[in-house]
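coords_25.cif (mmCIF, C-alpha atoms and all ligand atoms) appears below.
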```cif
data_protein
#
loop_
_atom_site.label_atom_id
_atom_site.label_comp_id
_atom_site.auth_asym_id
_atom_site.auth_seq_id
_atom_site.Cartn_x
_atom_site.Cartn_y
_atom_site.Cartn_z
CA MET Y 9 13.84 -17.53 23.16
CA SER Y 10 16.27 -14.63 23.28
CA SER Y 11 16.88 -12.10 20.52
CA GLN Y 12 20.25 -13.75 19.86
CA ASN Y 13 18.64 -17.13 19.36
CA THR Y 14 16.02 -15.65 17.01
CA PHE Y 15 18.73 -13.92 14.93
CA GLU Y 16 20.68 -17.15 14.61
CA ILE Y 17 17.70 -19.22 13.47
CA GLU Y 18 16.38 -16.65 10.97
CA ASP Y 19 19.86 -15.94 9.59
CA LYS Y 20 20.51 -19.64 9.15
CA TYR Y 21 17.22 -20.76 7.65
CA MET Y 22 15.58 -17.86 5.85
CA ALA Y 23 16.28 -17.28 2.18
CA PRO Y 24 18.75 -14.39 2.05
CA PHE Y 25 16.62 -11.67 0.43
CA PHE Y 26 16.99 -8.98 3.09
CA VAL Y 27 19.65 -6.94 4.85
CA LYS Y 28 18.04 -7.27 8.25
CA GLN Y 29 17.90 -4.90 11.21
CA LYS Y 30 19.13 -6.84 14.24
CA ILE Y 31 15.99 -6.31 16.30
CA SER Y 32 13.56 -9.08 17.12
CA ILE Y 33 10.06 -7.73 17.62
CA ASP Y 34 8.04 -9.52 20.21
CA ARG Y 35 4.89 -7.48 20.62
CA GLY Y 36 3.24 -4.16 19.86
CA GLU Y 37 0.57 -1.82 21.03
CA GLY Y 38 -0.65 1.14 19.00
CA ILE Y 39 2.30 3.04 17.60
CA PHE Y 40 4.83 1.21 19.81
CA VAL Y 41 6.56 -2.17 19.57
CA TRP Y 42 8.87 -4.00 22.00
CA ASP Y 43 11.74 -6.30 21.17
CA GLU Y 44 12.45 -9.58 22.89
CA ASP Y 45 14.77 -7.83 25.33
CA GLY Y 46 12.05 -5.39 26.40
CA ASN Y 47 13.32 -2.33 24.49
CA ARG Y 48 10.57 -0.06 23.19
CA TYR Y 49 10.48 1.46 19.69
CA MET Y 50 8.10 3.70 17.84
CA ASP Y 51 6.93 2.51 14.41
CA PHE Y 52 6.70 5.13 11.67
CA THR Y 53 6.47 2.42 8.98
CA SER Y 54 3.31 0.63 10.18
CA GLY Y 55 4.86 -2.56 8.81
CA TRP Y 56 5.03 -0.94 5.33
CA GLY Y 57 1.68 0.79 5.41
CA VAL Y 58 -0.25 -2.14 6.83
CA THR Y 59 -1.02 -1.72 10.54
CA CYS Y 60 -3.21 1.27 9.80
CA ILE Y 61 -4.97 1.29 13.16
CA GLY Y 62 -1.89 0.42 15.19
CA HIS Y 63 -0.31 -2.75 16.51
CA ALA Y 64 -2.54 -5.22 18.35
CA ALA Y 65 -5.57 -3.00 17.81
CA PRO Y 66 -8.29 -4.31 20.15
CA VAL Y 67 -10.93 -4.40 17.39
CA ILE Y 68 -8.64 -6.65 15.33
CA THR Y 69 -7.74 -9.03 18.15
CA GLU Y 70 -11.42 -9.23 19.07
CA ALA Y 71 -12.47 -9.98 15.48
CA LEU Y 72 -9.74 -12.63 15.24
CA ALA Y 73 -10.86 -14.29 18.45
CA VAL Y 74 -14.59 -14.19 17.71
CA GLN Y 75 -14.33 -15.35 14.10
CA GLY Y 76 -11.49 -17.76 14.95
CA LYS Y 77 -13.77 -19.62 17.31
CA LYS Y 78 -16.45 -19.92 14.64
CA MET Y 79 -15.00 -20.53 11.18
CA LEU Y 80 -11.61 -19.99 9.54
CA GLN Y 81 -12.12 -21.46 6.09
CA ASN Y 82 -15.43 -22.62 4.68
CA PRO Y 83 -16.11 -26.12 3.36
CA ASN Y 84 -15.55 -25.83 -0.40
CA SER Y 85 -14.12 -22.34 0.29
CA GLY Y 86 -15.80 -19.75 -1.93
CA LEU Y 87 -18.41 -22.18 -3.19
CA THR Y 88 -20.30 -21.78 0.08
CA TYR Y 89 -21.65 -18.58 1.60
CA SER Y 90 -20.27 -16.83 4.67
CA PRO Y 91 -21.88 -14.21 6.92
CA ALA Y 92 -18.39 -12.79 7.59
CA ARG Y 93 -17.86 -12.34 3.86
CA ALA Y 94 -21.30 -10.84 3.35
CA GLY Y 95 -20.62 -8.45 6.24
CA LEU Y 96 -17.39 -7.26 4.66
CA LEU Y 97 -18.96 -6.90 1.22
CA SER Y 98 -21.71 -4.72 2.69
CA VAL Y 99 -19.25 -2.43 4.45
CA LEU Y 100 -16.94 -2.24 1.41
CA MET Y 101 -19.90 -1.20 -0.73
CA LYS Y 102 -20.43 1.75 1.56
CA VAL Y 103 -16.86 3.03 1.27
CA LEU Y 104 -15.93 2.20 -2.32
CA PRO Y 105 -16.66 4.62 -5.16
CA SER Y 106 -20.30 3.90 -6.01
CA HIS Y 107 -19.68 2.88 -9.63
CA LEU Y 108 -17.69 -0.15 -8.42
CA THR Y 109 -20.33 -2.73 -7.64
CA ARG Y 110 -18.54 -6.11 -7.65
CA ILE Y 111 -15.68 -7.39 -5.50
CA PHE Y 112 -13.41 -10.39 -5.33
CA PHE Y 113 -10.73 -11.23 -2.79
CA SER Y 114 -7.02 -12.02 -2.76
CA ASN Y 115 -4.29 -12.59 -0.19
CA SER Y 116 -1.99 -9.72 -1.12
CA GLY Y 117 -1.65 -6.61 -3.23
CA ALA Y 118 0.37 -8.33 -5.94
CA GLU Y 119 -2.27 -10.99 -6.27
CA ALA Y 120 -5.06 -8.39 -6.59
CA ASN Y 121 -3.11 -6.57 -9.32
CA ASP Y 122 -2.25 -9.82 -11.05
CA ALA Y 123 -5.94 -10.74 -11.20
CA ALA Y 124 -7.00 -7.31 -12.46
CA ILE Y 125 -4.39 -7.45 -15.24
CA LYS Y 126 -5.35 -10.98 -16.23
CA LEU Y 127 -9.06 -10.19 -16.21
CA ALA Y 128 -8.61 -6.94 -18.15
CA ARG Y 129 -7.09 -9.01 -20.93
CA LYS Y 130 -10.11 -11.27 -20.89
CA VAL Y 131 -12.61 -8.38 -20.94
CA THR Y 132 -10.93 -6.42 -23.72
CA ASN Y 133 -9.58 -9.35 -25.69
CA ARG Y 134 -6.34 -7.34 -25.93
CA LEU Y 135 -2.87 -8.12 -24.58
CA ASP Y 136 -0.90 -5.00 -23.76
CA VAL Y 137 -0.56 -3.54 -20.30
CA ILE Y 138 0.54 0.05 -19.91
CA SER Y 139 2.20 1.02 -16.66
CA THR Y 140 4.31 3.92 -15.46
CA HIS Y 141 8.01 4.39 -14.85
CA GLN Y 142 8.93 4.28 -11.17
CA SER Y 143 5.74 2.41 -10.27
CA PHE Y 144 5.52 -0.56 -7.92
CA HIS Y 145 2.81 -3.18 -8.37
CA GLY Y 146 4.19 -6.32 -6.71
CA ARG Y 147 6.65 -9.17 -6.97
CA THR Y 148 4.85 -11.91 -8.87
CA ILE Y 149 6.16 -12.32 -12.40
CA SER Y 150 3.25 -10.39 -13.95
CA THR Y 151 3.32 -7.58 -11.39
CA ALA Y 152 7.12 -7.35 -11.55
CA SER Y 153 6.58 -7.02 -15.32
CA ALA Y 154 4.20 -4.13 -14.58
CA THR Y 155 6.62 -2.48 -12.14
CA GLY Y 156 8.53 0.42 -13.66
CA GLN Y 157 11.79 0.08 -11.75
CA ALA Y 158 14.85 -1.69 -13.13
CA SER Y 159 15.89 -3.06 -9.72
CA HIS Y 160 12.69 -5.11 -9.49
CA ARG Y 161 12.85 -6.29 -13.08
CA GLU Y 162 16.24 -6.64 -14.65
CA LYS Y 163 17.39 -9.81 -12.84
CA PHE Y 164 14.34 -11.72 -14.01
CA ASN Y 165 14.43 -11.21 -17.73
CA PRO Y 166 12.70 -12.15 -19.88
CA LEU Y 167 9.66 -10.86 -18.04
CA MET Y 168 6.15 -11.21 -19.39
CA PRO Y 169 5.77 -9.76 -22.86
CA ASN Y 170 3.34 -6.97 -23.82
CA TYR Y 171 4.09 -4.61 -20.94
CA ARG Y 172 4.91 -1.02 -21.86
CA PHE Y 173 5.79 2.05 -19.79
CA VAL Y 174 4.97 5.74 -19.90
CA THR Y 175 6.18 8.61 -17.73
CA TYR Y 176 4.06 9.10 -14.63
CA GLY Y 177 2.07 12.30 -15.02
CA ASN Y 178 2.60 12.64 -18.77
CA LEU Y 179 -0.67 12.62 -20.73
CA GLU Y 180 0.90 12.92 -24.18
CA GLU Y 181 2.91 9.73 -23.66
CA LEU Y 182 -0.16 7.94 -22.38
CA GLU Y 183 -2.24 9.07 -25.32
CA ALA Y 184 0.42 7.85 -27.74
CA ALA Y 185 0.63 4.47 -25.97
CA LEU Y 186 -3.11 3.87 -26.00
CA ASP Y 187 -3.66 1.91 -29.16
CA GLU Y 188 -5.89 -0.98 -30.23
CA ASN Y 189 -3.67 -3.45 -28.31
CA ALA Y 190 -3.87 -1.70 -24.93
CA ALA Y 191 -5.94 -3.83 -22.56
CA ALA Y 192 -5.16 -2.02 -19.32
CA PHE Y 193 -3.50 1.03 -17.84
CA ILE Y 194 -2.40 0.30 -14.29
CA ILE Y 195 -1.53 3.24 -12.06
CA GLU Y 196 -0.99 4.17 -8.43
CA PRO Y 197 -2.95 7.39 -7.79
CA ILE Y 198 0.08 8.42 -5.71
CA GLN Y 199 3.29 6.44 -6.22
CA GLY Y 200 4.38 5.08 -2.86
CA GLU Y 201 7.36 2.76 -2.99
CA GLY Y 202 8.69 4.65 -6.01
CA GLY Y 203 9.33 7.69 -3.80
CA VAL Y 204 5.94 9.28 -3.01
CA HIS Y 205 5.08 11.06 -6.25
CA ILE Y 206 1.78 12.94 -6.56
CA PRO Y 207 0.43 13.62 -10.04
CA SER Y 208 -1.84 16.53 -10.81
CA ARG Y 209 -5.54 15.98 -10.19
CA GLU Y 210 -6.15 16.71 -13.83
CA TYR Y 211 -3.71 13.96 -14.91
CA LEU Y 212 -5.70 11.13 -13.36
CA LYS Y 213 -9.02 12.49 -14.58
CA LYS Y 214 -7.77 13.00 -18.12
CA ALA Y 215 -6.00 9.64 -18.12
CA GLN Y 216 -9.29 8.00 -17.31
CA GLY Y 217 -10.98 9.84 -20.18
CA LEU Y 218 -8.25 8.75 -22.60
CA CYS Y 219 -8.48 5.13 -21.46
CA ARG Y 220 -12.24 5.07 -21.79
CA LYS Y 221 -12.09 6.60 -25.25
CA ASN Y 222 -9.64 3.89 -26.30
CA GLY Y 223 -11.51 0.97 -24.71
CA THR Y 224 -8.60 0.41 -22.31
CA LEU Y 225 -9.49 -0.54 -18.75
CA MET Y 226 -8.00 1.64 -16.01
CA ILE Y 227 -6.75 -0.17 -12.92
CA ALA Y 228 -6.22 2.05 -9.86
CA ASP Y 229 -3.68 0.30 -7.67
CA GLU Y 230 -4.75 1.60 -4.26
CA VAL Y 231 -2.86 -1.10 -2.39
CA GLN Y 232 -0.83 1.57 -0.59
CA THR Y 233 -3.08 4.63 -0.89
CA GLY Y 234 -6.35 2.94 0.07
CA PHE Y 235 -8.14 2.95 3.41
CA CYS Y 236 -7.39 6.55 4.41
CA ARG Y 237 -3.61 6.36 4.02
CA THR Y 238 -3.59 9.71 2.24
CA GLY Y 239 -6.74 11.06 3.93
CA PRO Y 240 -9.78 9.97 1.93
CA MET Y 241 -10.84 6.31 1.91
CA PHE Y 242 -9.57 6.00 -1.69
CA VAL Y 243 -7.75 8.60 -3.76
CA SER Y 244 -9.47 7.71 -7.02
CA GLY Y 245 -12.91 7.89 -5.39
CA HIS Y 246 -12.08 11.21 -3.78
CA LEU Y 247 -11.05 12.63 -7.14
CA GLY Y 248 -14.19 11.28 -8.80
CA ILE Y 249 -12.28 9.08 -11.22
CA GLU Y 250 -14.33 6.20 -12.52
CA VAL Y 251 -11.74 3.46 -12.87
CA ASP Y 252 -12.66 -0.02 -14.09
CA PHE Y 253 -10.74 -1.89 -11.38
CA LEU Y 254 -9.59 -0.74 -7.95
CA THR Y 255 -7.11 -2.99 -6.16
CA MET Y 256 -6.65 -3.09 -2.38
CA ALA Y 257 -4.50 -4.79 0.27
CA LYS Y 258 -2.19 -3.54 3.07
CA GLY Y 259 -4.46 -1.43 5.30
CA ILE Y 260 -7.60 -3.36 4.39
CA ALA Y 261 -7.14 -5.77 7.30
CA GLY Y 262 -4.68 -3.81 9.45
CA GLY Y 263 -1.99 -6.52 9.49
CA PHE Y 264 -3.84 -9.68 8.58
CA PRO Y 265 -2.70 -10.72 5.07
CA PHE Y 266 -5.64 -9.89 2.86
CA GLY Y 267 -6.49 -8.15 -0.41
CA ALA Y 268 -9.37 -7.41 -2.73
CA PHE Y 269 -10.25 -5.92 -6.09
CA ALA Y 270 -13.41 -4.09 -7.03
CA MET Y 271 -14.79 -3.64 -10.53
CA THR Y 272 -17.66 -2.09 -12.42
CA GLU Y 273 -20.81 -4.03 -13.19
CA LYS Y 274 -19.96 -3.86 -16.89
CA VAL Y 275 -16.57 -5.47 -16.32
CA ALA Y 276 -18.07 -8.14 -14.05
CA GLN Y 277 -20.67 -9.02 -16.66
CA ALA Y 278 -17.90 -9.96 -19.08
CA PHE Y 279 -16.67 -12.82 -16.87
CA GLU Y 280 -17.58 -16.47 -17.01
CA ILE Y 281 -17.60 -19.09 -14.28
CA GLY Y 282 -14.04 -20.23 -13.68
CA ASP Y 283 -12.29 -17.09 -14.97
CA HIS Y 284 -10.81 -16.53 -11.53
CA GLY Y 285 -10.71 -18.15 -8.09
CA GLY Y 286 -8.28 -19.14 -5.35
CA THR Y 287 -8.18 -21.32 -2.29
CA TYR Y 288 -8.94 -18.51 0.14
CA CYS Y 289 -11.06 -16.14 -2.01
CA GLY Y 290 -12.79 -14.33 0.84
CA ASN Y 291 -11.60 -16.42 3.77
CA PRO Y 292 -13.99 -15.72 6.68
CA LEU Y 293 -11.21 -14.88 9.13
CA GLY Y 294 -9.71 -12.28 6.81
CA CYS Y 295 -13.17 -10.93 6.03
CA ALA Y 296 -14.03 -10.52 9.71
CA VAL Y 297 -10.81 -8.64 10.39
CA ALA Y 298 -11.16 -6.39 7.34
CA HIS Y 299 -14.74 -5.64 8.35
CA ALA Y 300 -13.58 -4.59 11.84
CA VAL Y 301 -10.79 -2.41 10.44
CA ILE Y 302 -12.99 -0.58 7.93
CA GLN Y 303 -15.69 -0.04 10.53
CA TYR Y 304 -13.07 1.42 12.88
CA LEU Y 305 -11.76 3.76 10.16
CA VAL Y 306 -15.26 5.06 9.46
CA GLU Y 307 -16.60 5.27 13.02
CA ASN Y 308 -13.51 7.01 14.34
CA LYS Y 309 -13.33 9.45 11.41
CA VAL Y 310 -9.72 8.41 10.90
CA SER Y 311 -9.47 10.38 7.65
CA GLU Y 312 -9.89 13.60 9.66
CA ASN Y 313 -7.05 12.57 11.95
CA VAL Y 314 -4.88 11.84 8.91
CA ALA Y 315 -5.55 15.30 7.44
CA HIS Y 316 -4.62 16.94 10.76
CA MET Y 317 -1.40 14.90 11.09
CA GLU Y 318 -0.47 15.72 7.48
CA THR Y 319 -0.49 19.42 8.35
CA ILE Y 320 1.77 18.89 11.35
CA CYS Y 321 4.18 16.69 9.40
CA LEU Y 322 4.49 18.96 6.38
CA GLU Y 323 4.98 22.02 8.59
CA THR Y 324 7.69 20.34 10.67
CA MET Y 325 9.41 18.80 7.68
CA GLY Y 326 9.27 22.16 5.89
CA GLN Y 327 11.21 23.66 8.81
CA TRP Y 328 13.84 20.92 8.47
CA LYS Y 329 14.19 21.71 4.79
CA ASN Y 330 14.66 25.42 5.54
CA ARG Y 331 17.22 24.67 8.24
CA PHE Y 332 19.20 22.12 6.23
CA PRO Y 333 18.83 23.19 2.58
CA ALA Y 334 22.00 21.40 1.49
CA ALA Y 335 20.97 18.08 3.07
CA ILE Y 336 17.22 17.99 2.48
CA VAL Y 337 16.22 18.56 -1.13
CA ASP Y 338 12.48 17.97 -0.90
CA ILE Y 339 9.63 17.09 1.39
CA ARG Y 340 6.34 15.87 -0.02
CA GLY Y 341 3.36 13.64 0.48
CA LYS Y 342 -0.30 13.43 1.23
CA GLY Y 343 -2.00 12.38 4.43
CA LEU Y 344 0.30 9.98 6.23
CA LEU Y 345 2.26 8.92 3.17
CA LEU Y 346 5.19 11.30 3.33
CA MET Y 347 8.74 11.49 2.08
CA VAL Y 348 11.82 13.45 3.14
CA GLU Y 349 14.29 13.41 0.28
CA PHE Y 350 17.96 13.89 1.07
CA ALA Y 351 20.81 15.07 -1.13
CA THR Y 352 22.46 11.63 -1.08
CA PRO Y 353 21.52 8.03 -0.20
CA ASP Y 354 24.35 8.10 2.32
CA LEU Y 355 22.63 10.88 4.27
CA ALA Y 356 19.24 9.14 4.13
CA GLY Y 357 20.84 5.91 5.34
CA LYS Y 358 22.66 7.61 8.20
CA VAL Y 359 19.55 9.49 9.36
CA SER Y 360 17.49 6.34 9.20
CA ASP Y 361 20.13 4.43 11.24
CA GLU Y 362 20.27 7.26 13.77
CA CYS Y 363 16.46 7.23 14.12
CA LEU Y 364 16.60 3.53 14.93
CA LYS Y 365 19.36 4.10 17.48
CA GLN Y 366 17.03 6.56 19.15
CA GLY Y 367 14.11 4.14 19.07
CA LEU Y 368 12.22 5.04 15.89
CA PHE Y 369 11.60 2.82 12.87
CA VAL Y 370 11.47 4.72 9.56
CA ARG Y 371 11.71 3.38 6.01
CA GLN Y 372 14.55 4.37 3.73
CA THR Y 373 12.95 4.58 0.29
CA GLN Y 374 14.63 4.57 -3.13
CA GLY Y 375 17.95 5.01 -1.30
CA ILE Y 376 17.61 8.77 -1.27
CA GLY Y 377 14.66 9.34 1.04
CA ILE Y 378 12.88 8.44 4.21
CA ARG Y 379 9.23 7.48 3.94
CA VAL Y 380 7.05 8.26 6.92
CA PHE Y 381 3.84 6.23 7.09
CA PRO Y 382 2.77 5.54 10.66
CA ALA Y 383 -0.56 4.17 11.88
CA LEU Y 384 -3.40 6.43 10.78
CA ASN Y 385 -4.87 6.77 14.26
CA ILE Y 386 -1.60 8.09 15.67
CA ARG Y 387 -2.13 10.77 18.30
CA GLU Y 388 -0.69 14.26 17.97
CA GLU Y 389 1.73 13.86 20.91
CA GLU Y 390 2.98 10.54 19.52
CA LEU Y 391 3.49 12.03 16.07
CA LYS Y 392 5.39 14.98 17.55
CA GLN Y 393 7.51 12.63 19.64
CA GLY Y 394 8.49 10.66 16.53
CA LEU Y 395 9.14 13.81 14.51
CA ALA Y 396 11.35 15.12 17.34
CA ILE Y 397 13.43 11.93 17.12
CA MET Y 398 13.76 12.39 13.36
CA GLN Y 399 14.82 15.99 13.88
CA THR Y 400 17.49 15.02 16.41
CA ALA Y 401 18.69 12.32 14.02
CA ILE Y 402 18.97 14.86 11.20
CA GLU Y 403 20.82 17.31 13.49
CA THR Y 404 23.19 14.56 14.60
CA VAL Y 405 23.98 13.46 11.05
CA VAL Y 406 23.94 16.79 9.23
CA GLY Y 407 25.46 18.78 12.13
C1 LIG Y 501 1.10 0.23 -4.82
C2 LIG Y 501 1.45 -1.18 -4.46
N1 LIG Y 501 0.93 -2.18 -5.19
C3 LIG Y 501 1.20 -3.46 -4.90
C4 LIG Y 501 2.01 -3.80 -3.85
C5 LIG Y 501 2.29 -5.24 -3.56
O1 LIG Y 501 1.54 -5.63 -2.46
P1 LIG Y 501 1.91 -6.98 -1.68
O2 LIG Y 501 3.27 -6.77 -1.10
O3 LIG Y 501 0.82 -7.13 -0.66
O4 LIG Y 501 1.90 -8.07 -2.69
C6 LIG Y 501 2.58 -2.79 -3.07
C7 LIG Y 501 3.47 -3.11 -1.95
O5 LIG Y 501 4.23 -2.31 -1.47
C8 LIG Y 501 2.28 -1.44 -3.37
O6 LIG Y 501 2.79 -0.43 -2.66
#
```
Once you've parsed the file, please lay out its structure as structure tokens.
Amino acid sequence: MSSQNTFEIEDKYMAPFFVKQKISIDRGEGIFVWDEDGNRYMDFTSGWGVTCIGHAAPVITEALAVQGKKMLQNPNSGLTYSPARAGLLSVLMKVLPSHLTRIFFSNSGAEANDAAIKLARKVTNRLDVISTHQSFHGRTISTASATGQASHREKFNPLMPNYRFVTYGNLEELEAALDENAAAFIIEPIQGEGGVHIPSREYLKKAQGLCRKNGTLMIADEVQTGFCRTGPMFVSGHLGIEVDFLTMAKGIAGGFPFGAFAMTEKVAQAFEIGDHGGTYCGNPLGCAVAHAVIQYLVENKVSENVAHMETICLETMGQWKNRFPAAIVDIRGKGLLLMVEFATPDLAGKVSDECLKQGLFVRQTQGIGIRVFPALNIREEELKQGLAIMQTAIETVVG
């Protein structure tokens, strides 16, 4: 097949949800990908925060091959035991905050959040879900209902009832919202898709205290922040916040579609047989890949690499902001979840287009910014090479 042929087939047969970039990706290796015509690009999006240890990571392809030859999906699925699943559970227990002692699996981030919301209602026997403005929790009807952005919600009204919103970072609003109907408070410890917003450390800690006092379960949506994306394995664990549910996906299996949610023993004890399930629920292939990814993150001390790369990024981006104060209004982020905010969406769009012309994929976020979230094991020279392309793109556009 040629790129042209691929474009024609996808454009003809795929549901028209995306404005697509006319590039057909054939293969990848580490931070690089190649299109069908052999052109090389650098990926600063890691497939939207997913390929956390790079494209075609050998430990992933090995896990896929080894497990693929043995067992993909158990007879009676989750009703039978699996050494691949037990292996993943053991490794997850080592990296999760220690108060979270039970885990279940999903196929995506939205599905993990959906389950946590549903189950929080069961545990508390309450209905209301509190979320935050500008949040992103997924695209199923319940997670779109929990997402605090009009663009993801308004076309689908009426959404699910009993969802309410408070300002991210505002404790007074949260305290006022926490009443006897509030089953769950769902929050990203750092908002990702909403534009990379970091609350104060004290906010998350105090929010947890308020939720506990009110009998409301706190759900940390670590779908984007988990697995070293911002440095530590999980933000909530690093901050010592004892949430009731922690949801995961994206980086958990480095590109294989997989998700999970962890909970406290107390929460787990409130469930009955049949409260949740799913056809795949800990599919051995996904488990084997996730196990390999997490082991790689730990053994290679990837969180240290992330902290080092954060310093380089913020320093370089800070220089851009000083050089182009009228065009760049803010730079922010943690670890390798970073955002360069421009004065207008037009500027962000032009810079992002220029980056692609020069062989770098970046992600325009919320119109106004560019999110930088490459693979977490990126090497210093690769990072600097990508940042140099971004700088040239900014110079070309801003002048
Ligand atoms: C914080 C957060 N939660 C949930 C999701 C939804 O995950 P998925 O696309 O795997 O359903 C995303 C996706 O971007 C996310 O960033």
Inset, instruction - Tell me which protein, DNA and RNA residues are within 8 Å of region 315-324 of chain Y, counting only C-alpha atoms, leaving out same-chain ones fewer than 5 positions away, and put them as a PyMOL selection string. - result: chain Y and resi 238-239+339-340+342-344+388+391+395
Legend entry - Pick from Y:Gly57, Y:Gly38, Y:Pro166, Y:Pro207, whichever lies nearest to Thr140 (chain Y) using only C-alpha atoms: Y:Pro207
Legend entry - For Val405 (chain Y), the nearest of the candidates Y:Leu254, Y:Ile336, Y:Leu355, Y:Ala383, counting all atoms listed in the file: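 Closest to Val405 (chain Y) of all the choices is Y:Leu355.
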Inset, instruction - Identify which of the residues Y:Pro169, Y:Gly375, Y:Gly286, Y:Gly267 lies closest to ligand LIG 501 (chain Y), counting all atoms listed in the file when measuring atom-to-atom distances. - result: Y:Gly267
Mind working out the centre and edge lengths of an axis-aligned box for region 372-386 of chain Y, all listed atoms inside, 8 Å added to each side, rounded to one decimal in Å and written as AutoDock Vina command-line options?
```
--center_x 6.5 --center_y 6.8 --center_z 6.3 --size_x 38.8 --size_y 21.2 --size_z 34.8
```
Inset, instruction - Select, from Y:Ala154, Y:Cys295, Y:Leu167, Y:Ala351, the residue with the minimum atom-to-atom distance to ligand LIG 501 (chain Y), counting only C-alpha atoms and all ligand atoms. - result: Y:Ala154
Legend entry - Top pick for closest residue to ligand LIG 501 (chain Y), considering Y:Gly367, Y:Gly357, Y:Gly200, Y:Gly263 and counting only C-alpha atoms and all ligand atoms: Y:Gly200
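Closest to Asp229 (chain Y) among Y:Ala192, Y:Ala23, Y:Leu182, Y:Ala296 is Y:Ala192, based on only C-alpha atoms.
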Inset, instruction - May I have the protein, DNA and RNA residues with an atom at most 6 Å from (-5.7, 1.4, 9.2), counting only C-alpha atoms in the file's coordinates, returned as number ranges by chain? - result: Y: 59-61, 259, 262, 384
Inset, instruction - Report the distance between CA of Asn13 (chain Y) and atom O2 of ligand LIG 501 (chain Y) in Å, rounded to one decimal place. - result: 27.6 Å
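Relative to CA of Arg371 (chain Y), CA of Gly407 (chain Y) is found at 21.5 Å.
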Inset, instruction - Measure the distance from CA of Thr69 (chain Y) to CA of Ala261 (chain Y) in Å and round it to one decimal. - result: 11.3 Å
Legend entry - Exercise: region 98-107 of chain Y partners within 9 Å, only C-alpha atoms, chain neighbours under 3 positions left out, as a ChimeraX atom specification: /Y:93-95,110-111,235,241-242,244-246,248-252,254,270-273,299,302-303,306
Inset, instruction - Excluding Val406 (chain Y) and residues on its chain fewer than 4 positions from it, collect all residues at most 8 Å away from it, counting only C-alpha atoms, and give them as a list in words. - result: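 Listing them by chain and then by number gives Phe332, Ala335, Leu355 and Ile402 of chain Y.
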Inset, instruction - List the residues sitting within 10 Å of (6.8, -4.9, -12.5) in the file's frame, using all atoms listed in the file, as a PyMOL selection string. - result: chain Y and resi 118+139-162+167-168+171
Legend entry - Exercise: Val137 (chain Y) partners within 7 Å, only C-alpha atoms, chain neighbours under 4 positions left out, as a PyMOL selection string: chain Y and resi 170-172+190-193
Legend entry - Who sits within 7 Å of region 208-222 of chain Y, all atoms listed in the file, same chain under 4 positions skipped, as a PyMOL selection string: chain Y and resi 177+179+183+186-187+226+249+251
Any chance you could export the current selection's C-alpha atoms as a compact mmCIF listing (two decimals), in the coordinates of the input?
```txt
# COMPACT_ATOMS: atom_id res chain seq x y z
CA GLY Y 177 2.07 12.30 -15.02
CA LEU Y 179 -0.67 12.62 -20.73
CA GLU Y 183 -2.24 9.07 -25.32
CA LEU Y 186 -3.11 3.87 -26.00
CA ASP Y 187 -3.66 1.91 -29.16
CA MET Y 226 -8.00 1.64 -16.01
CA ILE Y 249 -12.28 9.08 -11.22
CA VAL Y 251 -11.74 3.46 -12.87
```
